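Some notes on the structure that comes next.
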Amino acid sequence: MSSSTVITNIAALVTNDPSLGDHSPLGLVRDAAVAVEGDRVVWTGESSKAPATDNRVDAGGRAVLPGFVDSHSHLLFGGDRTEEFNARMSGRPYSAGGIRTTVAATRAASDAELEAGLVRYLAEALRQGTTTFETKSGYGLTTADESRALRVAARHTDEVTFLGAHIVAPELADDPAAYVGLVTGEMLDACAPHARWIDVFCEQGAFDGDQARAILTAGKAKGLHPRIHANQLSQGPGVRLAVEVDAASADHCTHLTDADVDALANSRTVATLLPGAEFSTRAPWPDARRLLDAGATVALSTDCNPGSSFTSSVPFCIALAVRDMGMTPDEAVWSATAGGAAALRRDDVGRLTPGAYADLTLLDAPSHVHLAYRPGVPLVAGVWRRGVRVH
């Protein structure tokens, strides 16, 4: 029989349920408690009304929020790109071609090396409050290398994405049509059993709109649901294609037309913003305010990868979003929790209400606002995942 625990004396509890507390999108409850049984939340409310449980934890007047949902990462890779970053910070712009460096290192890495790296970055993220994460293949670009990356990832998360269409494999650079045929054929057949999602980098230097549509359509036919790297480096067809194929998310969304914004606002496709990429490449910031004011659903994620955003810290991304993308602290926290869950089409994470997984982050601060107010400070004092305290 599973034991029950109540965490009391919470100064501010983010539930992401607008029917609770202050009735804001965060559903903020003051002087709160949350009760957990097994791996699920069974009650949230005012501390004075907390139910009797087997165990009791005193939050000490700190804030509690749902574990972060990092809905976009690339954690299966070999090597790093320190030299590229160093050069870029001296004036060289980022281009999609830089991925080839990681492809060579990933192909040369053993399964054990790839898994050790994945485990390291997951532990790093967990210490910073991330309890749900998505990760992608995309650095192998052969049938064998893509499928092995997905097999490794699937041992650690249910949110696994096949990104064979990251760039055209170097050996087929002169015949992109042949590579699209490989991705939609033999490679997809080998990878689909190990993934939930299919993704494509729709961008100049990677895949155009027609190629991206063919890849995502083939993935859907194999039972994989689409997501898409869209409008990162320039305006293009990615966002509207995402809406057309009912992608769960269009990711990056840095260069948008009014039509792109309208398409997102009138769809269930989430705009996932990845400020770590702009920070690491000195690119223009996505305009979160424009998307939010139009009524689009926005998620915030790390894009953790060795080339353009080598951070696993959602708190860092929250601070960037508030400082440079026009988001309020409340909006950024919602987007990094409930928004990330929406980008994964999940309703059992990203909130702290009965029935949701007991994924909680305890801050060494009285309010979630401190995530943006005190950037760079290690504020995460405790993490529970599926009801178990893991940090």
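Labels for the structure tokens follow display order: chains A, B, ..., residues from 1 in each chain, ligands from 1.
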
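Residues surrounding A:Ser47 within 7 Å are Thr8, Asn9, Asp31, Ala32 and Ala33 of chain A [only C-alpha atoms; sequence separation below 5 positions excluded].
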
- Item | Long-range neighbours of A:Leu363 as a list in words, 6 Å cut-off, only C-alpha atoms, 2 positions minimum in chain | Ala63, Ala365, Leu379, Val380 and Ala381 of chain A

I need the residues from that last selection saved to file as an mmCIF file, in the first residue's frame (with C-alpha atoms), if you can.
data_model
loop_
_atom_site.group_PDB
_atom_site.id
_atom_site.type_symbol
_atom_site.label_atom_id
_atom_site.label_comp_id
_atom_site.auth_asym_id
_atom_site.auth_seq_id
_atom_site.Cartn_x
_atom_site.Cartn_y
_atom_site.Cartn_z
ATOM 1 C CA ALA A 63 7.326 28.429 -2.593
ATOM 2 C CA ALA A 365 12.446 31.541 -1.814
ATOM 3 C CA LEU A 379 17.077 28.391 -5.799
ATOM 4 C CA VAL A 380 15.834 24.804 -6.148
ATOM 5 C CA ALA A 381 15.885 23.360 -2.624
#

Using only C-alpha atoms, which residues sit within 7 Å of A:Gly164 once same-chain residues fewer than 6 positions away are excluded, as a JSON list (two decimals) with N, CA, C and O atoms, in the first residue's frame?
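Once written, out.json looks like this:
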[["chain", "number", "residue", "atom", "x", "y", "z"],
["A", 137, "SER", "N", 16.49, 12.40, -31.25],
["A", 137, "SER", "CA", 17.65, 11.94, -32.01],
["A", 137, "SER", "C", 18.07, 13.10, -32.92],
["A", 137, "SER", "O", 17.72, 14.24, -32.66],
["A", 138, "GLY", "N", 18.80, 12.84, -33.96],
["A", 138, "GLY", "CA", 19.11, 13.90, -34.90],
["A", 138, "GLY", "C", 20.58, 14.17, -35.11],
["A", 138, "GLY", "O", 20.95, 15.01, -35.93],
["A", 141, "LEU", "N", 21.87, 10.48, -38.14],
["A", 141, "LEU", "CA", 21.53, 10.67, -39.56],
["A", 141, "LEU", "C", 21.83, 9.45, -40.42],
["A", 141, "LEU", "O", 21.92, 9.55, -41.66],
["A", 146, "GLU", "N", 20.43, 6.68, -35.78],
["A", 146, "GLU", "CA", 19.19, 7.29, -35.29],
["A", 146, "GLU", "C", 18.40, 6.32, -34.40],
["A", 146, "GLU", "O", 17.91, 6.68, -33.33],
["A", 183, "VAL", "N", 14.76, 9.00, -44.85],
["A", 183, "VAL", "CA", 14.09, 9.37, -43.59],
["A", 183, "VAL", "C", 12.65, 8.87, -43.57],
["A", 183, "VAL", "O", 12.17, 8.41, -42.53]]

- Message: Taking 6 positions as the minimum chain separation for residues in the same chain, which residues sit within 9 Å of A:Ala218 when counting only C-alpha atoms? Answer as a PyMOL selection string.
- Response: chain A and resi 184-185+188+224

- Task: Write out as a VMD selection string which residues come within 8 Å of A:His252 when counting only C-alpha atoms, dropping same-chain ones fewer than 4 positions away.
- Result: chain A and resid 229 to 232 271 to 274 286
